[in-house]
Structures are given as structure tokens and as C-alpha cells.
file input.csv (CSV, C-alpha atoms)
chain,number,residue,atom,x,y,z
A,1,MET,CA,-6.1,-14.8,7.9
A,2,LYS,CA,-9.2,-16.2,9.7
A,3,VAL,CA,-8.8,-19.7,11.2
A,4,LEU,CA,-12.2,-21.4,11.1
A,5,LYS,CA,-12.6,-24.6,13.2
A,6,SER,CA,-16.3,-25.2,13.3
A,7,ILE,CA,-19.1,-25.6,10.8
A,8,ALA,CA,-20.9,-22.6,12.4
A,9,GLU,CA,-17.7,-20.5,11.9
A,10,VAL,CA,-17.5,-21.4,8.2
A,11,ARG,CA,-21.1,-20.7,7.6
A,12,GLY,CA,-20.9,-17.4,9.5
A,13,TYR,CA,-17.8,-16.3,7.5
A,14,ARG,CA,-19.4,-17.1,4.2
A,15,LYS,CA,-22.4,-15.0,5.0
A,16,GLU,CA,-20.1,-12.0,5.8
A,17,VAL,CA,-18.0,-12.0,2.6
A,18,SER,CA,-19.0,-10.9,-0.8
A,19,GLY,CA,-17.6,-11.4,-4.3
A,20,SER,CA,-16.4,-14.6,-5.9
A,21,VAL,CA,-14.7,-17.2,-3.6
A,22,GLY,CA,-12.0,-19.6,-4.7
A,23,PHE,CA,-11.3,-22.7,-2.6
A,24,VAL,CA,-8.1,-24.9,-2.2
A,25,PRO,CA,-8.8,-28.0,-0.1
A,26,THR,CA,-5.6,-29.6,1.2
A,27,MET,CA,-4.4,-32.3,3.7
A,28,GLY,CA,-1.6,-30.0,4.9
A,29,ALA,CA,2.2,-30.6,4.6
A,30,LEU,CA,2.0,-27.9,2.0
A,31,HIS,CA,4.5,-27.4,-0.8
A,32,GLN,CA,4.8,-25.3,-3.9
A,33,GLY,CA,2.2,-27.4,-5.7
A,34,HIS,CA,-0.4,-26.3,-3.2
A,35,LEU,CA,0.7,-22.7,-3.3
A,36,SER,CA,0.4,-22.7,-7.1
A,37,LEU,CA,-3.3,-23.6,-6.6
A,38,VAL,CA,-3.6,-20.7,-4.2
A,39,GLU,CA,-1.9,-18.3,-6.7
A,40,ARG,CA,-4.3,-19.4,-9.4
A,41,SER,CA,-7.3,-18.8,-7.1
A,42,LEU,CA,-6.0,-15.4,-6.1
A,43,ASN,CA,-5.7,-14.4,-9.8
A,44,GLU,CA,-9.2,-15.6,-10.7
A,45,THR,CA,-11.4,-14.9,-7.7
A,46,ASP,CA,-12.0,-12.0,-5.2
A,47,LEU,CA,-11.2,-14.1,-2.1
A,48,THR,CA,-9.4,-17.4,-1.5
A,49,MET,CA,-10.2,-19.9,1.2
A,50,ALA,CA,-8.3,-23.1,2.0
A,51,SER,CA,-8.8,-26.1,4.2
A,52,ILE,CA,-6.4,-28.4,6.1
A,53,TYR,CA,-7.8,-31.7,7.0
A,54,VAL,CA,-6.2,-35.2,6.8
A,55,ASN,CA,-9.3,-37.2,5.9
A,56,PRO,CA,-9.2,-40.7,7.5
A,57,THR,CA,-12.0,-42.1,5.3
A,58,GLN,CA,-9.9,-42.1,2.2
A,59,PHE,CA,-7.0,-44.1,3.7
A,60,ASN,CA,-7.4,-47.8,3.2
A,61,ASN,CA,-4.0,-48.4,4.9
A,62,PRO,CA,-3.8,-47.3,8.6
A,63,ARG,CA,0.0,-47.0,8.4
A,64,ASP,CA,-0.3,-44.5,5.5
A,65,LEU,CA,-2.6,-42.4,7.6
A,66,ALA,CA,-0.4,-42.6,10.7
A,67,ASN,CA,2.7,-41.7,8.7
A,68,TYR,CA,1.1,-38.7,6.8
A,69,PRO,CA,3.3,-35.6,7.4
A,70,ASP,CA,2.0,-33.0,9.9
A,71,SER,CA,3.2,-29.4,9.8
A,72,ILE,CA,0.1,-27.4,10.8
A,73,SER,CA,1.8,-24.3,12.1
A,74,VAL,CA,4.1,-24.0,9.1
A,75,ASP,CA,1.1,-24.6,6.8
A,76,GLN,CA,-0.8,-21.8,8.3
A,77,GLN,CA,2.1,-19.4,7.9
A,78,LEU,CA,2.5,-20.4,4.2
A,79,LEU,CA,-1.2,-19.9,3.5
A,80,GLN,CA,-1.3,-16.5,5.3
A,81,ALA,CA,1.9,-15.3,3.5
A,82,ALA,CA,0.4,-16.5,0.1
A,83,GLY,CA,-2.7,-14.3,0.6
A,84,VAL,CA,-5.4,-16.8,1.8
A,85,SER,CA,-8.2,-15.0,3.6
A,86,ALA,CA,-9.5,-17.9,5.7
A,87,VAL,CA,-8.5,-21.5,6.4
A,88,PHE,CA,-11.0,-24.2,7.6
A,89,MET,CA,-9.5,-26.8,9.9
A,90,PRO,CA,-12.3,-29.2,10.9
A,91,THR,CA,-12.2,-32.2,13.1
A,92,TYR,CA,-13.6,-35.7,12.2
A,93,ASP,CA,-16.6,-35.3,14.5
A,94,SER,CA,-17.5,-31.9,13.0
A,95,LEU,CA,-17.3,-33.2,9.4
A,96,TYR,CA,-18.7,-36.6,10.1
A,97,PRO,CA,-21.5,-36.2,12.7
A,98,ASP,CA,-23.1,-39.3,11.2
A,99,ASP,CA,-19.8,-41.2,11.7
A,100,TYR,CA,-19.5,-41.8,7.9
A,101,ALA,CA,-22.9,-43.5,7.7
A,102,TYR,CA,-23.6,-41.5,4.5
A,103,GLU,CA,-21.1,-41.5,1.6
A,104,VAL,CA,-20.7,-40.5,-2.0
A,105,ASN,CA,-19.8,-43.4,-4.3
A,106,GLU,CA,-18.8,-43.6,-8.0
A,107,LYS,CA,-19.3,-47.0,-9.6
A,108,GLN,CA,-17.0,-47.1,-12.6
A,109,PHE,CA,-13.7,-45.0,-12.9
A,110,SER,CA,-13.1,-45.1,-9.1
A,111,LYS,CA,-12.6,-48.9,-9.4
A,112,GLU,CA,-9.7,-48.5,-11.8
A,113,LEU,CA,-6.0,-47.3,-11.4
A,114,CYS,CA,-5.6,-46.1,-7.8
A,115,GLY,CA,-9.0,-47.4,-6.9
A,116,ALA,CA,-8.3,-51.0,-8.0
A,117,ASN,CA,-6.0,-51.8,-4.9
A,118,ARG,CA,-7.3,-49.1,-2.6
A,119,PRO,CA,-10.9,-50.1,-1.7
A,120,GLY,CA,-13.0,-47.2,-0.5
A,121,HIS,CA,-10.3,-44.6,-1.3
A,122,PHE,CA,-12.3,-42.5,-3.8
A,123,THR,CA,-15.5,-42.9,-1.8
A,124,GLY,CA,-13.7,-41.2,1.1
A,125,VAL,CA,-12.3,-38.5,-1.3
A,126,LEU,CA,-15.7,-37.7,-2.9
A,127,THR,CA,-17.6,-37.7,0.4
A,128,VAL,CA,-15.2,-35.2,2.1
A,129,VAL,CA,-15.0,-33.0,-1.0
A,130,MET,CA,-18.8,-32.9,-1.3
A,131,LYS,CA,-19.0,-31.9,2.4
A,132,LEU,CA,-16.4,-29.2,2.0
A,133,LEU,CA,-17.9,-27.7,-1.2
A,134,ASN,CA,-21.4,-27.6,0.5
A,135,LEU,CA,-19.9,-25.7,3.4
A,136,VAL,CA,-17.6,-23.3,1.6
A,137,LYS,CA,-19.8,-22.8,-1.4
A,138,PRO,CA,-17.0,-21.5,-3.6
A,139,GLN,CA,-17.4,-20.3,-7.2
A,140,ASN,CA,-14.2,-22.1,-8.1
A,141,ALA,CA,-12.3,-25.0,-6.5
A,142,TYR,CA,-8.7,-25.8,-7.4
A,143,PHE,CA,-7.1,-29.3,-7.6
A,144,GLY,CA,-3.7,-30.4,-9.0
A,145,GLU,CA,-3.5,-32.6,-12.0
A,146,LYS,CA,-1.0,-34.9,-10.3
A,147,ASP,CA,-4.1,-36.6,-8.8
A,148,PHE,CA,-5.6,-36.8,-12.3
A,149,GLN,CA,-8.0,-39.6,-11.5
A,150,GLN,CA,-9.2,-37.8,-8.4
A,151,LEU,CA,-9.7,-34.6,-10.4
A,152,SER,CA,-11.7,-36.4,-13.0
A,153,LEU,CA,-14.0,-38.0,-10.4
A,154,ILE,CA,-14.6,-34.7,-8.6
A,155,LYS,CA,-15.5,-33.0,-11.8
A,156,GLY,CA,-17.9,-35.9,-12.6
A,157,MET,CA,-19.5,-35.7,-9.1
A,158,VAL,CA,-20.0,-31.9,-9.3
A,159,GLU,CA,-21.6,-32.3,-12.8
A,160,ALA,CA,-23.8,-35.3,-11.8
A,161,LEU,CA,-25.1,-33.7,-8.6
A,162,PHE,CA,-25.5,-30.2,-10.0
A,163,LEU,CA,-23.2,-28.3,-7.7
A,164,GLU,CA,-22.6,-24.7,-8.5
A,165,THR,CA,-18.8,-24.8,-8.3
A,166,GLU,CA,-16.4,-24.9,-11.2
A,167,ILE,CA,-13.6,-27.5,-10.7
A,168,ILE,CA,-10.4,-26.2,-12.1
A,169,GLY,CA,-7.4,-28.5,-12.7
A,170,CYS,CA,-3.9,-27.0,-12.4
A,171,PRO,CA,-0.6,-28.3,-13.8
A,172,ILE,CA,1.7,-30.6,-11.9
A,173,ILE,CA,4.5,-28.8,-10.2
A,174,ARG,CA,7.7,-30.8,-10.3
A,175,GLU,CA,11.1,-30.8,-8.5
A,176,ALA,CA,14.1,-30.0,-10.6
A,177,ASP,CA,14.7,-33.7,-11.3
A,178,GLY,CA,11.1,-34.3,-12.5
A,179,LEU,CA,9.6,-35.8,-9.4
A,180,ALA,CA,6.0,-34.6,-8.9
A,181,MET,CA,5.7,-32.5,-5.7
A,182,SER,CA,3.8,-34.4,-3.1
A,183,SER,CA,3.4,-34.1,0.7
A,184,ARG,CA,4.5,-37.8,0.9
A,185,ASN,CA,7.9,-36.9,-0.6
A,186,LEU,CA,8.8,-35.7,2.9
A,187,ASN,CA,8.7,-39.3,4.1
A,188,LEU,CA,11.2,-40.6,1.5
A,189,SER,CA,14.6,-41.6,2.8
A,190,SER,CA,17.6,-39.9,1.2
A,191,CYS,CA,18.4,-43.1,-0.8
A,192,ASP,CA,14.8,-43.4,-2.1
A,193,ARG,CA,14.6,-39.7,-2.8
A,194,GLY,CA,17.8,-40.0,-4.9
A,195,LYS,CA,16.2,-42.6,-7.2
A,196,SER,CA,12.6,-41.4,-7.2
A,197,SER,CA,13.2,-39.2,-10.2
A,198,LEU,CA,13.4,-42.4,-12.3
A,199,PHE,CA,9.7,-42.8,-11.8
A,200,ASN,CA,8.8,-39.8,-13.9
A,201,ASN,CA,11.7,-40.3,-16.3
A,202,LEU,CA,10.4,-43.8,-17.2
A,203,LEU,CA,6.8,-42.8,-17.4
A,204,SER,CA,7.8,-40.0,-19.9
A,205,ASN,CA,9.7,-42.4,-22.1
A,206,ASN,CA,7.5,-42.8,-25.2
A,207,MET,CA,9.8,-45.4,-26.6
A,208,LEU,CA,8.8,-47.9,-23.9
A,209,SER,CA,5.6,-49.8,-23.4
A,210,ASP,CA,3.7,-49.8,-20.1
A,211,GLU,CA,4.9,-53.4,-19.5
A,212,GLU,CA,8.6,-52.4,-20.2
A,213,ILE,CA,8.3,-49.5,-17.8
A,214,GLN,CA,6.9,-51.7,-15.1
A,215,LYS,CA,9.8,-54.1,-15.6
A,216,GLU,CA,12.4,-51.3,-15.4
A,217,LEU,CA,10.8,-49.9,-12.3
A,218,GLY,CA,10.8,-53.3,-10.6
A,219,LEU,CA,14.4,-53.8,-11.5
A,220,ALA,CA,15.2,-50.4,-9.9
A,221,GLY,CA,13.6,-51.4,-6.6
A,222,PHE,CA,10.2,-49.9,-6.9
A,223,GLU,CA,7.1,-51.9,-5.9
A,224,VAL,CA,4.8,-51.2,-8.9
A,225,ASP,CA,1.1,-50.9,-8.4
A,226,TYR,CA,0.3,-50.1,-12.0
A,227,VAL,CA,1.5,-48.4,-15.2
A,228,VAL,CA,-1.4,-47.9,-17.5
A,229,THR,CA,-2.0,-45.7,-20.6
A,230,LYS,CA,-5.5,-44.5,-20.9
A,231,GLY,CA,-7.2,-41.6,-22.7
A,232,GLY,CA,-4.0,-40.1,-24.0
A,233,ARG,CA,-2.2,-40.2,-20.6
A,234,ARG,CA,0.1,-42.6,-18.9
A,235,PHE,CA,-0.6,-43.2,-15.3
A,236,GLY,CA,1.6,-44.8,-12.7
A,237,ALA,CA,1.7,-45.7,-9.0
A,238,VAL,CA,4.6,-47.1,-7.1
A,239,VAL,CA,5.7,-47.7,-3.5
A,240,MET,CA,9.1,-47.0,-2.1
A,241,GLY,CA,10.6,-47.8,1.2
A,242,ASP,CA,10.3,-50.8,3.5
A,243,ASP,CA,7.2,-52.2,5.4
A,244,ALA,CA,7.9,-49.9,8.3
A,245,GLY,CA,7.6,-46.7,6.2
A,246,PRO,CA,6.3,-47.3,2.7
A,247,VAL,CA,5.7,-44.2,0.6
A,248,ARG,CA,3.2,-44.3,-2.3
A,249,LEU,CA,3.9,-42.1,-5.3
A,250,ILE,CA,1.6,-41.4,-8.2
A,251,ASP,CA,2.2,-39.5,-11.4
A,252,ASN,CA,0.8,-39.1,-14.9
A,253,VAL,CA,2.1,-37.7,-18.2
A,254,GLU,CA,0.6,-37.0,-21.6
A,255,VAL,CA,1.4,-39.6,-24.2
A,256,VAL,CA,3.0,-38.1,-27.3
A,257,SER,CA,2.1,-40.2,-30.4
call {"tool": "encode", "arguments": {"input": "input.csv", "output": "C-alpha cells"}}
result
Amino acid sequence: MKVLKSIAEVRGYRKEVSGSVGFVPTMGALHQGHLSLVERSLNETDLTMASIYVNPTQFNNPRDLANYPDSISVDQQLLQAAGVSAVFMPTYDSLYPDDYAYEVNEKQFSKELCGANRPGHFTGVLTVVMKLLNLVKPQNAYFGEKDFQQLSLIKGMVEALFLETEIIGCPIIREADGLAMSSRNLNLSSCDRGKSSLFNNLLSNNMLSDEEIQKELGLAGFEVDYVVTKGGRRFGAVVMGDDAGPVRLIDNVEVVS
């Protein structure tokens, strides 16, 4: 597996390879959810590239950025074992030579749900994804449906700006108890991990309203950001842990009428 660290290396690599390219952008701390995206890409394209980059422009909370899990060497081993041909590992200075003077902003859906209380989050997401897609130039790019709002916004950006990449959403991969796999799960205390499955269990309960689910989550000790049903899906975001190490979890489920 090639490890590409500069813009020049990525561009040079893309000129050398032929056939269709699938791309899996990540922020590291890989789990089976990420690897399921890689597997999908391997099945649908001739060559799969990935990236590992913890993007600071999408973190509105500095503590969240500081606490984000870091397992670079293990991540590289997992990607290589999975069959990834090249991984791009840029620095902030290489991706943002303008020091984030230019950005990609969406004016409507990005202000709802996760965007309501995380100002600038999706602007950071869309900007870095635009940069990565422009550099890698994949035929397909794969994103998990756990971040359903992010997936929708990226699809909208690609369509609005006429990028020649197909954005493919892949199903949520869950732990045995229903918790959606997430890199942030590594930061849960054993106590919080034990009760975290209640989050998905309540979201999936079609007998309860959004307001009732919020109340039950609050009684169970979750700090609730939102529970909202929209477009046939129920979305939720909660925070677990104390001020020294809060862990934000998101999830979404289809609503069965």
C-alpha cells in the first residue's frame, strides 16, 4: 500500500493508475464500519484509495478535537490488510495553504440537526471533502449512513458543483447491542458504554414520540442535543460522559409507519 503525504504525491499517483478508483475518506480510529466501506469499494471499482485526516475545521469544540482517538499505525495496517492500494495522509498546511480563507458553505440543511448547535461544522466537512475529491478524482466515494445528514449534504454539494464523482451511502454497521459503530465509542467509559445501547433502542421504538424519547434519554443520564423525525427517518444526537471527556453520539433509523 502506498502512503501518500503530499499533494504532489497524490497527483502523481493518480496519473500512474488506470481503471476506476473508489475512495474512502476517514479521520482514522478505524472500525468495521470503515472497513465495510472499503469492502464495498473493492467490489465496485478497480482500485481503492483511502485518506486519514482529522480535519480541525469541522470541530466547533476544541476539546472534541483534542480527545479524538489516534491510532495511525493500526489504521494503516487495517487498510493494507483490507486491500487498499494507497492512503493519503495530508497535513493541515498542505490541505489548507490558504489557512481556510476559502470554504464551501450550504445555507439550509446544514443549519438543522447537527448543524444547529455546531456552528461551522458542515462548512468544514464540505470544504475538506471538496478538496479531497478534487485531489483524488475518484469515480466513486463511499460514506456511511450513520452520518446521514453529512451524506446528504455531500451528495448535494457534488450535484450542485458538477463534480464527476458518485457519492455512495453504505448501511450503518452496529455493535451486537445496537450501538452504531463510531470512532468516538473508544472514548466511552465502561459505565457509559454499558448504557449507550439504550440510545438506539429508544430511537427505534416506534411506539414513542420524539418528545417521549428525549425524556427517557434524559432520565437515563444522556445529555440530549436533539431527537427529530424528518423525511421518514428519526435522527438523534446525545452526549455522554462528564465535562472532562464528553462523547457525542449520533444515530438515525428509518421510521416504520
call {"tool": "closest_atom_pairs", "arguments": {"input": "input.csv", "of": "range 181-200 of chain A", "to": "range 26-36 of chain A", "cutoff": "12 Å", "atoms": "only C-alpha atoms", "output": "CSV"}}
result
residue,atom,partner,partner_atom,distance
A:Met181,CA,A:Gly33,CA,6.2
A:Ser182,CA,A:His31,CA,7.4
A:Ser183,CA,A:Ala29,CA,5.4
A:Arg184,CA,A:Ala29,CA,8.4
A:Asn185,CA,A:Ala29,CA,10.0
A:Leu186,CA,A:Ala29,CA,8.5
A:Asn187,CA,A:Ala29,CA,10.9
call {"tool": "closest_atom_pairs", "arguments": {"input": "input.csv", "of": "range 127-238 of chain A", "to": "range 88-100 of chain A", "cutoff": "10 Å", "atoms": "only C-alpha atoms", "output": "JSON lines"}}
result
{"residue": "A:Thr127", "atom": "CA", "partner": "A:Tyr100", "partner_atom": "CA", "distance": 8.8}
{"residue": "A:Val128", "atom": "CA", "partner": "A:Leu95", "partner_atom": "CA", "distance": 7.9}
{"residue": "A:Lys131", "atom": "CA", "partner": "A:Leu95", "partner_atom": "CA", "distance": 7.3}
{"residue": "A:Leu132", "atom": "CA", "partner": "A:Leu95", "partner_atom": "CA", "distance": 8.5}
{"residue": "A:Leu135", "atom": "CA", "partner": "A:Leu95", "partner_atom": "CA", "distance": 10.0}
{"residue": "A:Val136", "atom": "CA", "partner": "A:Phe88", "partner_atom": "CA", "distance": 9.0}
call {"tool": "closest_residue", "arguments": {"input": "input.csv", "among": "A:Phe199, A:Tyr226, A:Phe162, A:Phe122", "to": "Gln150 in chain A", "atoms": "all atoms listed in the file"}}
result
A:Phe122
call {"tool": "closest_residue", "arguments": {"input": "input.csv", "among": "A:Asn200, A:Ser18, A:Thr229, A:Thr123", "to": "Thr45 in chain A", "atoms": "only C-alpha atoms"}}
result
A:Ser18
call {"tool": "residues_around", "arguments": {"input": "input.csv", "residues": "Leu113 in chain A", "least_positions_apart": "4", "cutoff": "12 Å", "atoms": "only C-alpha atoms", "output": "PyMOL selection string"}}
result
chain A and resi 108-109+117-119+121-122+147-150+224-230+234-238+250-252
call {"tool": "atom_distance", "arguments": {"input": "input.csv", "atom1": "CA of Met240 in chain A", "atom2": "CA of Glu211 in chain A"}}
result
19.0 Å
call {"tool": "closest_residue", "arguments": {"input": "input.csv", "among": "A:Leu203, A:Ala160, A:Cys170, A:Val253", "to": "Val38 in chain A", "atoms": "only C-alpha atoms"}}
result
A:Cys170
call {"tool": "closest_residue", "arguments": {"input": "input.csv", "among": "A:Ser73, A:Asn105, A:Asn201, A:Ser6", "to": "Gly124 in chain A", "atoms": "only C-alpha atoms"}}
result
A:Asn105
call {"tool": "atom_distance", "arguments": {"input": "input.csv", "atom1": "CA of Gly169 in chain A", "atom2": "CA of Lys2 in chain A"}}
result
25.6 Å
call {"tool": "closest_residue", "arguments": {"input": "input.csv", "among": "A:Pro171, A:Gly120, A:Gly156, A:Ala141", "to": "Asn61 in chain A", "atoms": "only C-alpha atoms"}}
result
A:Gly120
call {"tool": "atom_distance", "arguments": {"input": "input.csv", "atom1": "CA of Glu216 in chain A", "atom2": "CA of Leu198 in chain A"}}
result
9.5 Å
call {"tool": "closest_residue", "arguments": {"input": "input.csv", "among": "A:Asn134, A:Ser197, A:Ser190, A:Gln77", "to": "Thr165 in chain A", "atoms": "all atoms listed in the file"}}
result
A:Asn134
call {"tool": "decode", "arguments": {"input": "input.csv", "residues": "range 78-192 of chain A", "atoms": "C-alpha atoms", "output": "PDB file, in the first residue's frame"}}
result
ATOM      1  CA  LEU A  78      -6.044  -2.378   8.728  1.00  0.00           C
ATOM      2  CA  LEU A  79      -6.261  -0.556   5.403  1.00  0.00           C
ATOM      3  CA  GLN A  80      -3.396  -2.535   3.912  1.00  0.00           C
ATOM      4  CA  ALA A  81      -4.850  -5.852   5.091  1.00  0.00           C
ATOM      5  CA  ALA A  82      -8.232  -4.878   3.654  1.00  0.00           C
ATOM      6  CA  GLY A  83      -6.763  -4.324   0.193  1.00  0.00           C
ATOM      7  CA  VAL A  84      -6.455  -0.538  -0.073  1.00  0.00           C
ATOM      8  CA  SER A  85      -3.929   0.430  -2.743  1.00  0.00           C
ATOM      9  CA  ALA A  86      -2.997   3.886  -1.421  1.00  0.00           C
ATOM     10  CA  VAL A  87      -3.741   6.055   1.603  1.00  0.00           C
ATOM     11  CA  PHE A  88      -3.466   9.832   1.607  1.00  0.00           C
ATOM     12  CA  MET A  89      -2.318  11.344   4.924  1.00  0.00           C
ATOM     13  CA  PRO A  90      -2.104  15.113   4.489  1.00  0.00           C
ATOM     14  CA  THR A  91      -1.240  17.851   6.949  1.00  0.00           C
ATOM     15  CA  TYR A  92      -3.268  20.966   7.662  1.00  0.00           C
ATOM     16  CA  ASP A  93      -0.756  23.160   5.824  1.00  0.00           C
ATOM     17  CA  SER A  94      -0.918  21.007   2.705  1.00  0.00           C
ATOM     18  CA  LEU A  95      -4.721  20.877   2.583  1.00  0.00           C
ATOM     19  CA  TYR A  96      -5.252  24.482   3.662  1.00  0.00           C
ATOM     20  CA  PRO A  97      -2.470  26.563   2.079  1.00  0.00           C
ATOM     21  CA  ASP A  98      -4.947  29.461   2.238  1.00  0.00           C
ATOM     22  CA  ASP A  99      -5.368  28.863   6.019  1.00  0.00           C
ATOM     23  CA  TYR A 100      -9.081  28.217   5.439  1.00  0.00           C
ATOM     24  CA  ALA A 101      -9.734  31.553   3.725  1.00  0.00           C
ATOM     25  CA  TYR A 102     -11.920  29.761   1.170  1.00  0.00           C
ATOM     26  CA  GLU A 103     -14.744  27.488   2.232  1.00  0.00           C
ATOM     27  CA  VAL A 104     -17.746  25.565   0.910  1.00  0.00           C
ATOM     28  CA  ASN A 105     -20.980  26.557   2.619  1.00  0.00           C
ATOM     29  CA  GLU A 106     -24.517  25.162   2.385  1.00  0.00           C
ATOM     30  CA  LYS A 107     -27.244  27.530   3.558  1.00  0.00           C
ATOM     31  CA  GLN A 108     -30.222  25.360   4.511  1.00  0.00           C
ATOM     32  CA  PHE A 109     -29.994  21.734   5.691  1.00  0.00           C
ATOM     33  CA  SER A 110     -26.568  22.325   7.276  1.00  0.00           C
ATOM     34  CA  LYS A 111     -28.235  24.623   9.822  1.00  0.00           C
ATOM     35  CA  GLU A 112     -30.530  21.854  11.110  1.00  0.00           C
ATOM     36  CA  LEU A 113     -29.976  18.779  13.294  1.00  0.00           C
ATOM     37  CA  CYS A 114     -26.219  18.500  13.983  1.00  0.00           C
ATOM     38  CA  GLY A 115     -25.639  21.906  12.428  1.00  0.00           C
ATOM     39  CA  ALA A 116     -27.998  23.748  14.767  1.00  0.00           C
ATOM     40  CA  ASN A 117     -25.649  23.604  17.763  1.00  0.00           C
ATOM     41  CA  ARG A 118     -22.370  23.051  15.929  1.00  0.00           C
ATOM     42  CA  PRO A 119     -21.715  26.285  14.029  1.00  0.00           C
ATOM     43  CA  GLY A 120     -19.357  25.821  11.106  1.00  0.00           C
ATOM     44  CA  HIS A 121     -19.270  22.036  11.403  1.00  0.00           C
ATOM     45  CA  PHE A 122     -20.676  21.197   7.993  1.00  0.00           C
ATOM     46  CA  THR A 123     -18.811  24.038   6.299  1.00  0.00           C
ATOM     47  CA  GLY A 124     -15.626  22.355   7.493  1.00  0.00           C
ATOM     48  CA  VAL A 125     -16.866  18.943   6.334  1.00  0.00           C
ATOM     49  CA  LEU A 126     -17.889  20.112   2.871  1.00  0.00           C
ATOM     50  CA  THR A 127     -14.694  22.111   2.379  1.00  0.00           C
ATOM     51  CA  VAL A 128     -12.365  19.233   3.206  1.00  0.00           C
ATOM     52  CA  VAL A 129     -14.391  16.709   1.192  1.00  0.00           C
ATOM     53  CA  MET A 130     -14.348  19.042  -1.814  1.00  0.00           C
ATOM     54  CA  LYS A 131     -10.559  19.321  -1.529  1.00  0.00           C
ATOM     55  CA  LEU A 132     -10.110  15.559  -1.208  1.00  0.00           C
ATOM     56  CA  LEU A 133     -12.397  14.776  -4.141  1.00  0.00           C
ATOM     57  CA  ASN A 134     -10.605  17.316  -6.322  1.00  0.00           C
ATOM     58  CA  LEU A 135      -7.257  15.717  -5.490  1.00  0.00           C
ATOM     59  CA  VAL A 136      -8.165  12.028  -5.634  1.00  0.00           C
ATOM     60  CA  LYS A 137     -10.654  12.365  -8.512  1.00  0.00           C
ATOM     61  CA  PRO A 138     -12.439   9.083  -7.751  1.00  0.00           C
ATOM     62  CA  GLN A 139     -15.257   7.627  -9.793  1.00  0.00           C
ATOM     63  CA  ASN A 140     -16.983   6.591  -6.542  1.00  0.00           C
ATOM     64  CA  ALA A 141     -16.652   7.861  -2.968  1.00  0.00           C
ATOM     65  CA  TYR A 142     -18.118   5.935  -0.042  1.00  0.00           C
ATOM     66  CA  PHE A 143     -19.665   7.338   3.143  1.00  0.00           C
ATOM     67  CA  GLY A 144     -21.574   5.688   5.989  1.00  0.00           C
ATOM     68  CA  GLU A 145     -25.267   6.340   6.586  1.00  0.00           C
ATOM     69  CA  LYS A 146     -24.644   6.859  10.320  1.00  0.00           C
ATOM     70  CA  ASP A 147     -23.710  10.406   9.347  1.00  0.00           C
ATOM     71  CA  PHE A 148     -26.867  10.677   7.255  1.00  0.00           C
ATOM     72  CA  GLN A 149     -27.020  14.469   7.286  1.00  0.00           C
ATOM     73  CA  GLN A 150     -23.373  14.665   6.229  1.00  0.00           C
ATOM     74  CA  LEU A 151     -24.024  12.138   3.452  1.00  0.00           C
ATOM     75  CA  SER A 152     -26.996  14.149   2.171  1.00  0.00           C
ATOM     76  CA  LEU A 153     -25.029  17.405   2.177  1.00  0.00           C
ATOM     77  CA  ILE A 154     -22.068  15.866   0.352  1.00  0.00           C
ATOM     78  CA  LYS A 155     -24.383  14.413  -2.290  1.00  0.00           C
ATOM     79  CA  GLY A 156     -25.978  17.834  -2.685  1.00  0.00           C
ATOM     80  CA  MET A 157     -22.609  19.564  -3.000  1.00  0.00           C
ATOM     81  CA  VAL A 158     -21.372  17.134  -5.662  1.00  0.00           C
ATOM     82  CA  GLU A 159     -24.568  17.611  -7.668  1.00  0.00           C
ATOM     83  CA  ALA A 160     -24.634  21.401  -7.288  1.00  0.00           C
ATOM     84  CA  LEU A 161     -20.980  21.877  -8.246  1.00  0.00           C
ATOM     85  CA  PHE A 162     -20.974  19.287 -11.074  1.00  0.00           C
ATOM     86  CA  LEU A 163     -18.267  17.013  -9.671  1.00  0.00           C
ATOM     87  CA  GLU A 164     -17.769  13.787 -11.603  1.00  0.00           C
ATOM     88  CA  THR A 165     -17.855  11.522  -8.561  1.00  0.00           C
ATOM     89  CA  GLU A 166     -20.740   9.303  -7.484  1.00  0.00           C
ATOM     90  CA  ILE A 167     -21.378   9.520  -3.748  1.00  0.00           C
ATOM     91  CA  ILE A 168     -22.454   6.149  -2.386  1.00  0.00           C
ATOM     92  CA  GLY A 169     -24.061   5.742   1.030  1.00  0.00           C
ATOM     93  CA  CYS A 170     -23.449   2.471   2.885  1.00  0.00           C
ATOM     94  CA  PRO A 171     -25.510   0.910   5.695  1.00  0.00           C
ATOM     95  CA  ILE A 172     -24.754   1.563   9.353  1.00  0.00           C
ATOM     96  CA  ILE A 173     -22.635  -1.151  10.961  1.00  0.00           C
ATOM     97  CA  ARG A 174     -23.686  -1.780  14.547  1.00  0.00           C
ATOM     98  CA  GLU A 175     -22.330  -3.476  17.628  1.00  0.00           C
ATOM     99  CA  ALA A 176     -24.188  -6.553  18.857  1.00  0.00           C
ATOM    100  CA  ASP A 177     -26.236  -4.397  21.259  1.00  0.00           C
ATOM    101  CA  GLY A 178     -27.322  -1.970  18.519  1.00  0.00           C
ATOM    102  CA  LEU A 179     -24.882   0.893  19.130  1.00  0.00           C
ATOM    103  CA  ALA A 180     -23.753   2.384  15.829  1.00  0.00           C
ATOM    104  CA  MET A 181     -20.018   1.865  15.350  1.00  0.00           C
ATOM    105  CA  SER A 182     -18.109   5.121  15.725  1.00  0.00           C
ATOM    106  CA  SER A 183     -14.509   6.117  16.380  1.00  0.00           C
ATOM    107  CA  ARG A 184     -15.768   8.134  19.355  1.00  0.00           C
ATOM    108  CA  ASN A 185     -17.054   4.954  21.017  1.00  0.00           C
ATOM    109  CA  LEU A 186     -13.437   4.308  22.039  1.00  0.00           C
ATOM    110  CA  ASN A 187     -13.695   7.264  24.422  1.00  0.00           C
ATOM    111  CA  LEU A 188     -16.724   5.916  26.302  1.00  0.00           C
ATOM    112  CA  SER A 189     -16.135   4.822  29.879  1.00  0.00           C
ATOM    113  CA  SER A 190     -17.141   1.241  30.683  1.00  0.00           C
ATOM    114  CA  CYS A 191     -20.206   2.573  32.512  1.00  0.00           C
ATOM    115  CA  ASP A 192     -21.287   4.800  29.627  1.00  0.00           C
TER     116      ASP A 192
END
